[in-house]
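Here the structure is laid out as structure tokens; the discussion comes afterwards.
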Amino acid sequence: MAMLINLALTSSKGENLTCMTEEESYTVLIQTGYPPDAPRDMKCVTQNFTKLNCSWDRGRDTNIETNYICCCHFLSRSTNCTQVGQVNFIESEFLLFNDRILQITATNELGTQTSEKLTVKESDIAFVPYTPKLKRVFKDPSNSQMMQVEWFEGGDTYGIDLKMIFQIQVLLAYDMQEVWMGNHSETLNYTHNRVLHTTWTSDMPLKCTSYLVRIRSIGNDEKTLFMGRKAWSEWSSPLKLEGQDVSNETSFKIYPVEGTVLEAGSNPAFCCVAGKGEHAETLTFDNLTSFIKLSDRSLAIRVPNVSPSIESGTNVVCKMSGEKYDGAVIFIGYPPDAPKNVSCETRDLQTLNCTWDPGRSTRLVSKRRTIYHLNTGSQNSLLCKEASRVYPDYWCAYPISNISGKTNITIHGKNPLGEAESSITVYVTRVFRPFAPYEWKREEVTRDSVTVSWSDRVDYTGIDLDCEIVIHDNLGKTMTLNRSVTGKRMNQRHTMTLTDLRPNTEYSIRARYSSVHFWKWSKWSDVAHAKTKIAPPSVKLDVWRTVMPNRTVTTYWKPLSALEANGPVLFYNVTWTKVGNGSINSNVEHGTDVQIHLDRAGYVITIVAQNAAGVSPPSVIKIPPQQDDENLGIERSTGVGDGINVTWRGHLADNCGYTVQWCRLLSLPMCKVDWSKFPPDTTSATIKSDAFQVGVRYSLEVFECRSDGDHLLKKLIGYTRELAPAEGPQVEVNQTSVESVQIEWKDIPVEKQRGFVEGFKIYYSTLYNDSAASKPVTAVNQQAKIVLRPDQRAFKILGLEAGTTYNVGVRAFTKGGDGPSNMVTVTTPNSPIALILGITLPLIGFIVLGVVFSIFCYQKQEWIKDTFYPDIPDPTNSKVLQNGSFDQVVNLCKTLEPKDCTPNEVQVVEDKQRRAEGNKYIITNQQGEDNSDNELQEGGVISYRPSSTSVETAGEPNPAFEAVAPLVPCVYPSEVTYTSIRGPGPAHQDRAGAVQLEDGMEVIVKSGYQPQVHVATNPVLDREQLDPAPHVNGYQPQMHKKSWSLDSGNLPTLEPESIGSPTSINSQAFLLPEMFGEELKVGGSKTWSLPFFNARTSSNPYSDDNLS
């Protein structure tokens, strides 16, 4: 017996298990698997609304035979169970508006599972149409880029009429890439199986590559017929449309082919196809090289928004394997626009000429250009050869067959990309445009007329024409005349006289024609030039006069214009007649004024202008008898920008008018007078003149014309427009006080005022203040005082500060604005009280400060003394001397070295009788601390040696200092160095032999502090008790004689003149007592000066620098 554990899955057919014994063997088929899962995810579809197909999910694969039983229960029927078998679907009858309940049971040898009861409603059912069947796919014979697709609709398979959507998909056969997908809607006829078709236009020729086409469908009925879902059918089997890339041709092709015309702005595609056994490598269009691989033998390139080509076209170049090239020239342009602004006219009533604007250039030429035809509808179209050449010569001529009727004209244009046309209706008589008058000439000229003649270019016999004549004169004026004329035969002359012309004037004359039914004017004729003859002046002179108090009358007149003079004026004849006696005087003038000296009587002055043809009408002006001047005041007038307003009131109702005279005020009495005359009923006027300038003052006078002459009514001054003054008034300081300043200013010259001064503005600001030691003060905004009296010339500024400098300025102002200011600087005087306070207050402050400081010092005198002048301590009270630690301190530092300490004076009294033959120090080493008294008795006086001398002095070095220097080394440098000095007494001698000193001497200095020094002892030397030192008053520096050490040799001989003396650290006074005891005998005296103590040179080996 055998047991199989943990068996793996066998194949679905099972596997053989063979058992063998010694006698026999047998084989058993074994299958392994799983019990079934419960069926789930029921889906029901219908394809024809007669059968319902429901399927479910099996779940896990059992690997063994599993059978299914489907039990279907209708709400109106009994339950029906069907043995399905091993499939997972069941087909049943489709019933509209009827729900059903399905339950599926799965059974195999390992178990049984039953699904839940699944309710299937109509809304859960999906309508999936049958897969459509393609019939064929082919190229359109008339368009190399259009594909035709045909398929069977399959309406007879559904049994009812259905609305369907068919979806067609086009794929590249090379890589199954979708290139197009489109929908086609159709209502099926269940009684037929029609063939449906659709088209697709590719952006490149279909020969470029092979395509696959497939189709599917979906229901498109409304939900009122079927409430379920709609789903796409399966894709049909694809049909292939073969391209040139699968052909057996060995030559390569480029599409579109050579010479193809494409529309600009489109998105064309170009391709090249290699021959069999070759492949395409690159493809370029113009400068574009980004090609697409369609297949191994085919490349394509797409050009978005292609631009128009040049006239010679654009190249498409393809490179094949083996460095082979081929290409094609493609032309890109635009289809023709509809002709615009179509217009037809006739010039001779025999030929109708039509013109139009072709619109945008097509960019196509030669055989690809736009060809235009003219069609009237009554006969064959007329080819417009001239219109088909080059823009803008687009016109076409058509022979007129019906002059009185209307004609329908159509202009039609066509090129390889399209065609367009425009139509108009033409009435021949209304589009008649004659030629211009021909051979236009001047015939005859008088003072006021010119006769011209001309002919017609073509035969216009019997045709009514309108002739427009334009006359220009040399003064810039134009006159237009319209005349009706009747046409004549060619070269037959027309004549016309032009009247009402001005004498002595040059004229330019030309003419043009139009039809009676105006359409357009013809071009202008040639220009005829003529000049009329001279005539006497046509108007009288405009005259005026000025009368001076001495009866000098200046008469003025304005020159006549060319229009008025009718010829050059040769001279002016002036005649004046005295009223009462009839005496006449005359004068000939060539200018425009004349001065006449008259008496007090009245006069009549007459002036005429003379030219070659005659004289002008006389101008008369009356001068009234001399009268006393009326005292008339001067008024101001207002300006209006370009003129001056003047008003007046007449004195007489029957006056003969008014005259306003003006001149520039500053030019009087020689100003250039101008005037204007006004009728009697005028009482105001705005005087204007080209000579007027803004900011200039003018003087005006109004005169009234009476029977005996002109009388003055009014005097005025004014400006056309006021401006701000050009300069400021000159300012002067008249008087100053502590708090005020009196200023004055002068008038501004009239020519600089440029307006009526309405007042003045006084500005002042602080410049600096003397009390601040000329320190600038922060500027403040200028304060203004306004004076509204234009006649005021002085002003007093109040409220100022004493001792302060001010900038003061005055500026005038008019209606035109403020003028500039002239500044002056003024300083107000200082106040006496301020001066006194300025002196006394600081003095009182210093006194108070001194008193406070004195009180402070008095109260703090002890602290000041302790801080700045401390007491010198008494060495006898030092604990160092009492506890015996002084020797230890001396051993550490043997000397005190004040640097460059110079005594004022040293006096030495020397006993020359006591001298020793050999001057040597006997230095002994004495141990113990009980010898301080002996050392006081026996120790010598320590001499002073400066610690450092950086310069050489005159004289020899001090031998005493140099002898002792090497014997007193100091580990810690100090300020003072002391050397031993033997006083007068018996000679002492050490063990090696004593050397006696010189005779006794006496050193006298002022008594004071002398530091105590314990010189380091030399243990090698023998101890020796020296004689006690002479008694002295006061403190003397002490030392141990035994502490002196002799490094080598004997001490040098000390000379009396080399004896020095120590000083205090805090002073330069000698520390030797003022007098010795009675044991010392006083000898001679000697005074040492300053160089003695600084006699050590910088080369001394025992200087402070070497010791340290």
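The way I read the labels, and the way they are meant: chains A, B, ... in the order of the structure tokens, residue 1 as the first residue of every chain, and ligand 1 as the first ligand shown, with later ones counted on from there.
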List the neighbours of Asn474 of chain A out to 12 Å using only C-alpha atoms; skip same-chain residues closer than 4 positions along the sequence, and give me the result as an mmCIF file with C-alpha atoms, in the first residue's frame.
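Dumped everything to out_36.cif:
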data_model
loop_
_atom_site.group_PDB
_atom_site.id
_atom_site.type_symbol
_atom_site.label_atom_id
_atom_site.label_comp_id
_atom_site.auth_asym_id
_atom_site.auth_seq_id
_atom_site.Cartn_x
_atom_site.Cartn_y
_atom_site.Cartn_z
ATOM 1 C CA THR A 478 -9.227 129.701 -58.137
ATOM 2 C CA ARG A 502 -8.947 140.880 -63.150
ATOM 3 C CA PRO A 503 -6.559 143.246 -64.918
ATOM 4 C CA ASN A 504 -2.825 142.695 -64.757
ATOM 5 C CA THR A 505 -3.239 139.136 -63.490
ATOM 6 C CA GLU A 506 -1.546 135.945 -64.641
ATOM 7 C CA TYR A 507 -3.897 133.020 -65.189
ATOM 8 C CA SER A 508 -3.444 129.267 -65.694
ATOM 9 C CA ILE A 509 -6.415 127.683 -67.460
ATOM 10 C CA HIS A 529 -1.226 130.520 -69.603
ATOM 11 C CA ALA A 530 -2.473 134.124 -70.075
ATOM 12 C CA LYS A 531 -1.969 137.556 -68.450
ATOM 13 C CA THR A 532 -4.635 140.248 -68.630
ATOM 14 C CA ALA A 562 -2.113 143.703 -56.421
ATOM 15 C CA LEU A 563 -5.793 142.921 -56.744
#
- Item | Non-local contacts of His597 of chain A (10 Å; only C-alpha atoms; under 6 positions in same chain excluded) as a list in words |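 Contacts, in chain order: Val547, Met548, Asn550, Arg551, Thr552, Val553 and Thr554 of chain A.
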I need the residues from that last selection saved to file as an mmCIF file, in the first residue's frame (with N, CA and C atoms), if you can.
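Writing the result to result26.cif gives the following:
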data_model
loop_
_atom_site.group_PDB
_atom_site.id
_atom_site.type_symbol
_atom_site.label_atom_id
_atom_site.label_comp_id
_atom_site.auth_asym_id
_atom_site.auth_seq_id
_atom_site.Cartn_x
_atom_site.Cartn_y
_atom_site.Cartn_z
ATOM 1 N N VAL A 547 -1.528 164.500 -36.027
ATOM 2 C CA VAL A 547 -1.313 165.942 -35.945
ATOM 3 C C VAL A 547 -0.512 166.210 -34.691
ATOM 4 N N MET A 548 0.648 166.821 -34.862
ATOM 5 C CA MET A 548 1.482 167.173 -33.731
ATOM 6 C C MET A 548 1.073 168.549 -33.212
ATOM 7 N N ASN A 550 2.676 171.190 -33.005
ATOM 8 C CA ASN A 550 3.189 172.277 -33.837
ATOM 9 C C ASN A 550 2.542 172.294 -35.213
ATOM 10 N N ARG A 551 1.445 171.573 -35.368
ATOM 11 C CA ARG A 551 0.675 171.506 -36.610
ATOM 12 C C ARG A 551 1.452 170.850 -37.730
ATOM 13 N N THR A 552 2.340 169.937 -37.354
ATOM 14 C CA THR A 552 2.961 169.093 -38.362
ATOM 15 C C THR A 552 2.071 167.875 -38.539
ATOM 16 N N VAL A 553 1.540 167.739 -39.738
ATOM 17 C CA VAL A 553 0.591 166.666 -40.035
ATOM 18 C C VAL A 553 1.323 165.602 -40.846
ATOM 19 N N THR A 554 1.299 164.382 -40.328
ATOM 20 C CA THR A 554 1.857 163.240 -41.065
ATOM 21 C C THR A 554 0.694 162.432 -41.597
#
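The spacing separating atom CA of Leu299 of chain A from atom CA of Cys271 of chain A amounts to 5.4 Å.
Neighbours of Leu501 of chain A closer than or equal to 9 Å, with only C-alpha atoms counted and sequence neighbours fewer than 6 positions away skipped, come out as A:Arg447, A:Asp448, A:Ser449, A:Val450, A:Thr532.
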Using the selection just defined, write its residues with all heavy atoms as a PDB file, in the first residue's frame.
ATOM      1  N   ARG A 447      -8.284 143.325 -70.838  1.00  0.00           N
ATOM      2  CA  ARG A 447      -8.144 143.643 -69.422  1.00  0.00           C
ATOM      3  C   ARG A 447      -8.863 142.639 -68.523  1.00  0.00           C
ATOM      4  O   ARG A 447      -8.415 142.340 -67.443  1.00  0.00           O
ATOM      5  CB  ARG A 447      -8.701 145.037 -69.135  1.00  0.00           C
ATOM      6  CG  ARG A 447      -7.864 146.172 -69.668  1.00  0.00           C
ATOM      7  CD  ARG A 447      -8.514 147.488 -69.273  1.00  0.00           C
ATOM      8  NE  ARG A 447      -7.698 148.634 -69.691  1.00  0.00           N
ATOM      9  CZ  ARG A 447      -8.031 149.901 -69.461  1.00  0.00           C
ATOM     10  NH1 ARG A 447      -9.169 150.153 -68.807  1.00  0.00           N
ATOM     11  NH2 ARG A 447      -7.259 150.886 -69.868  1.00  0.00           N
ATOM     12  N   ASP A 448     -10.013 142.129 -68.986  1.00  0.00           N
ATOM     13  CA  ASP A 448     -10.839 141.306 -68.118  1.00  0.00           C
ATOM     14  C   ASP A 448     -11.328 140.032 -68.782  1.00  0.00           C
ATOM     15  O   ASP A 448     -12.282 139.421 -68.321  1.00  0.00           O
ATOM     16  CB  ASP A 448     -12.042 142.092 -67.610  1.00  0.00           C
ATOM     17  CG  ASP A 448     -12.889 142.647 -68.742  1.00  0.00           C
ATOM     18  OD1 ASP A 448     -12.514 142.459 -69.916  1.00  0.00           O
ATOM     19  OD2 ASP A 448     -13.926 143.253 -68.444  1.00  0.00           O
ATOM     20  N   SER A 449     -10.724 139.596 -69.917  1.00  0.00           N
ATOM     21  CA  SER A 449     -11.185 138.373 -70.578  1.00  0.00           C
ATOM     22  C   SER A 449     -10.017 137.690 -71.289  1.00  0.00           C
ATOM     23  O   SER A 449      -9.017 138.326 -71.646  1.00  0.00           O
ATOM     24  CB  SER A 449     -12.303 138.686 -71.584  1.00  0.00           C
ATOM     25  OG  SER A 449     -11.787 139.477 -72.654  1.00  0.00           O
ATOM     26  N   VAL A 450     -10.226 136.327 -71.471  1.00  0.00           N
ATOM     27  CA  VAL A 450      -9.276 135.496 -72.213  1.00  0.00           C
ATOM     28  C   VAL A 450     -10.093 134.539 -73.068  1.00  0.00           C
ATOM     29  O   VAL A 450     -11.054 133.918 -72.580  1.00  0.00           O
ATOM     30  CB  VAL A 450      -8.344 134.706 -71.272  1.00  0.00           C
ATOM     31  CG1 VAL A 450      -7.466 133.744 -72.057  1.00  0.00           C
ATOM     32  CG2 VAL A 450      -7.476 135.640 -70.437  1.00  0.00           C
ATOM     33  N   THR A 532      -3.772 139.156 -68.190  1.00  0.00           N
ATOM     34  CA  THR A 532      -4.635 140.248 -68.630  1.00  0.00           C
ATOM     35  C   THR A 532      -3.873 141.563 -68.600  1.00  0.00           C
ATOM     36  O   THR A 532      -2.834 141.694 -67.942  1.00  0.00           O
ATOM     37  CB  THR A 532      -5.873 140.338 -67.712  1.00  0.00           C
ATOM     38  OG1 THR A 532      -5.444 140.456 -66.361  1.00  0.00           O
ATOM     39  CG2 THR A 532      -6.755 139.109 -67.858  1.00  0.00           C
TER      40      THR A 532
END
- Query: What are the DSSP alpha helix (DSSP H) residues of segment 364-584 of chain A, as a list in words?
  - Reply: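 Selecting the alpha helix (DSSP H) positions of segment 364-584 of chain A gives Ala562, Leu563, Glu564 and Ala565 of chain A.
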